[in-house]
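This report refers to the structure that appears directly beneath it.
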Amino acid sequence: MYIVTAQALIRPFGGRVCLWHRCDGDGPGGPSPGGRKTKIFPLLSGEGRVRGLSSYCILASRGWRVLGKLRARLVLVMAVSFLPAVGVIVYDHFSRQQNEIFDASRKAELAVQLAAEVFEGRLESARQVLVTLSQWDPVRFDRRPELEPELRKVLVKHPHFDNIGVISIDGNLVASALEFDGPLFLGDRPYFQRVRATNAFSIGDYQVGRVTGKPSLNCAFPVHDARGRLTRVVYAAFDLSLFSPFFQGSDLNGSARIGMLNRESVLLTSVQGMGPGRRWVVPGLDPNTVTSPRSIQSKGRLVSVAPVRTRPPSGLFVMMEQELDDLFRLAHVRFFQNLAALAFSLLIAVALCGRVGNYFITRHVDRLVDTTARLTAGELGARTGVGPLPGELGQLGRAIDSMADSLQQRDRQLRESHDGLEKKVESRTRELAESNHQLESFSYSISHDLRAPLRAIDGFSQILLNEHASSLLPEGRRLLDLVVRNSKHMAQLIDDLLAFSKLGRQDVVRTDLNMSEMVREVYLDLTTPPGPVQIDFNVLPMPHARGDASMIRQVWFNLIDNALKFSSRKTQPVIEVGAKTIDHTVSFFVRDNGVGFDPARAHKLFHVFQRLHSSASFPGTGVGLAIVQRILQKHGGRVWAETTLDQGTCFYFTLPEVPL
């Protein structure tokens, strides 16, 4: 029922309901290890029963998206506004149920009390009859031929008795209004034993008469002789069927049951097809403790009970039982009628809400949404057109139109700025191209125009040293040597400057690099022919890298050349090349045990023409490390150095795309 209700609620919004289950063991389709999901349709159509289900999940595929629309939300708000009415109906329903229980309890208590009073009168009349018989001489003195005819006359006057008789003190039947065959022992009857025990009027339990052969309830009274000794017991057997007409005349519901029970909760007489002799037990109720009419609810039933008061107590009581569903039938009908009326009102309200809401709200909101979508798509000329529409929607529409005007004006300004910027970019591009052309011309001038005088100076100096050295004084020869060395140094500076300037215009062509092999080739180039000092050169395992082969080779060349140069004064130079991970990044390094440098001057290390040692101590131009830094920056890496004065230096550099 709940699945069908959910489907009926979701379907108007364009959704659908699916029911899934996860089979934890054997289900309708056999074993399903791993919690296989199966779609179930019989639960929606009522075509069968699905067993072995551990969990259900109702999926509304499109309904929730529809609820995001304004119209659906208005309908939802309208539906929610009916919730107080639903609460009132539910409260009224439960109040009616409580009232029905209260009224039914009062009526039932009155009915069982009236029935108990009727039974009290019947039992009292039986006691009086038995008291009269106990004083009659034929009963007291055992005159049986005279006794039995008189007992028959009494039985005719009291048709509610099945039989009347006299029992001797030893328990044998002495006389009876009905004929009986042979000796009959009644000493085991509860009423007889109670009379002997109490020597007073007593009421027995449910029994089947040995003379009448019918279910009966016996009352007994003691008979005494002149000395007051118990000699006989006179008894009367009630015909239980004579009590039923009273119950049948009661105003009972269709499922109500009423009857009289003894102290053992054995039914003596009742209606609704319940025969005497059966036990009628109500959980939570002990009738023997009831002293006045009362009612309780037990397992969906209303039970009312009243004791039958006699002297001495008889242990009899009248009990009525009614089904609560029968009592609530009218309340249920009223409840569902109210819900149906409310649902009909809700449908009418939803229909009106859809039409009225569309006219006053949703059509304007749709226009605003359409306008904002067109603006988002770049159609800056779109407008809502709400005009003088009052209220918040009008304010929102006019705000959107104002925003569109501002956007259109801003777009116009941006276009104008863009055009001006393009012109400036074209102008700056031309200027940059001209500057690059001038730089190239300058480089060409340095490469050709400055090299010719330097070659002439070097050539003439060499001629003087070779052919006229004997005619020169020692000081002249020394000065001529200085000219040769400085001209060569000038030529090296020009070469380094050209190499440094070319790096800015050279593109990086990345390839896979075998760093270990490249390091060995560079070292071999730098140490051929070998020098006078044996060098301890170690190459540790290094991962491959990606970069421009010629540029990275230049990096290794400059760093290893520096290591050779600054460790050349050591008696045992040591150079180590390898790679290690620093801050989750692979870093290559070149370590030497050379002279090192002052760490306080490390900030000048990679600047052009910045030297941390004098030219007299170690030759060089001060451009090599600047070239290294420029190459690594073009690759997206970096370079740094760690040093200790007179103990050595370690240069580190990183390259991107190096696997850990």
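Letters A, B, ... mark the chains of the structure tokens in the order given; residue numbers begin at 1 per chain; ligand numbers begin at 1, in order shown.
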Per-residue DSSP, region 82-231 of chain A, filtered to helix (DSSP H, G or I), as a ChimeraX atom specification: /A:83-134,137-140,144-157,190-198
Would you pick out the contacts of region 170-183 of chain A at 6 Å or less, using only C-alpha atoms, so that residues sharing its chain but fewer than 4 positions from it are not included, and give the list as number ranges by chain?
A: 148, 151-152, 163-166, 187
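The spacing separating CA of Val139 (chain A) from CA of Ser202 (chain A) amounts to 18.4 Å.
Residue neighbourhood of Arg96 (chain A), excluding near-sequence residues (fewer than 5 positions): Tyr91, Ile101, Phe328 and Ala331 of chain A, at 9 Å, using only C-alpha atoms.
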Margin query: Set the distance at 10 Å and use only C-alpha atoms: which residues neighbour region 341-344 of chain A once local chain neighbours fewer than 2 positions away are removed? I'd like the list as a list in words.
Written below: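 Near neighbours after the sequence-gap exclusion: Ala79, Phe82, Ala85, Val86, Ile89, Phe335, Phe336, Gln337, Asn338, Leu339, Leu346, Leu347, Ile348, Ala349 and Val350 of chain A.
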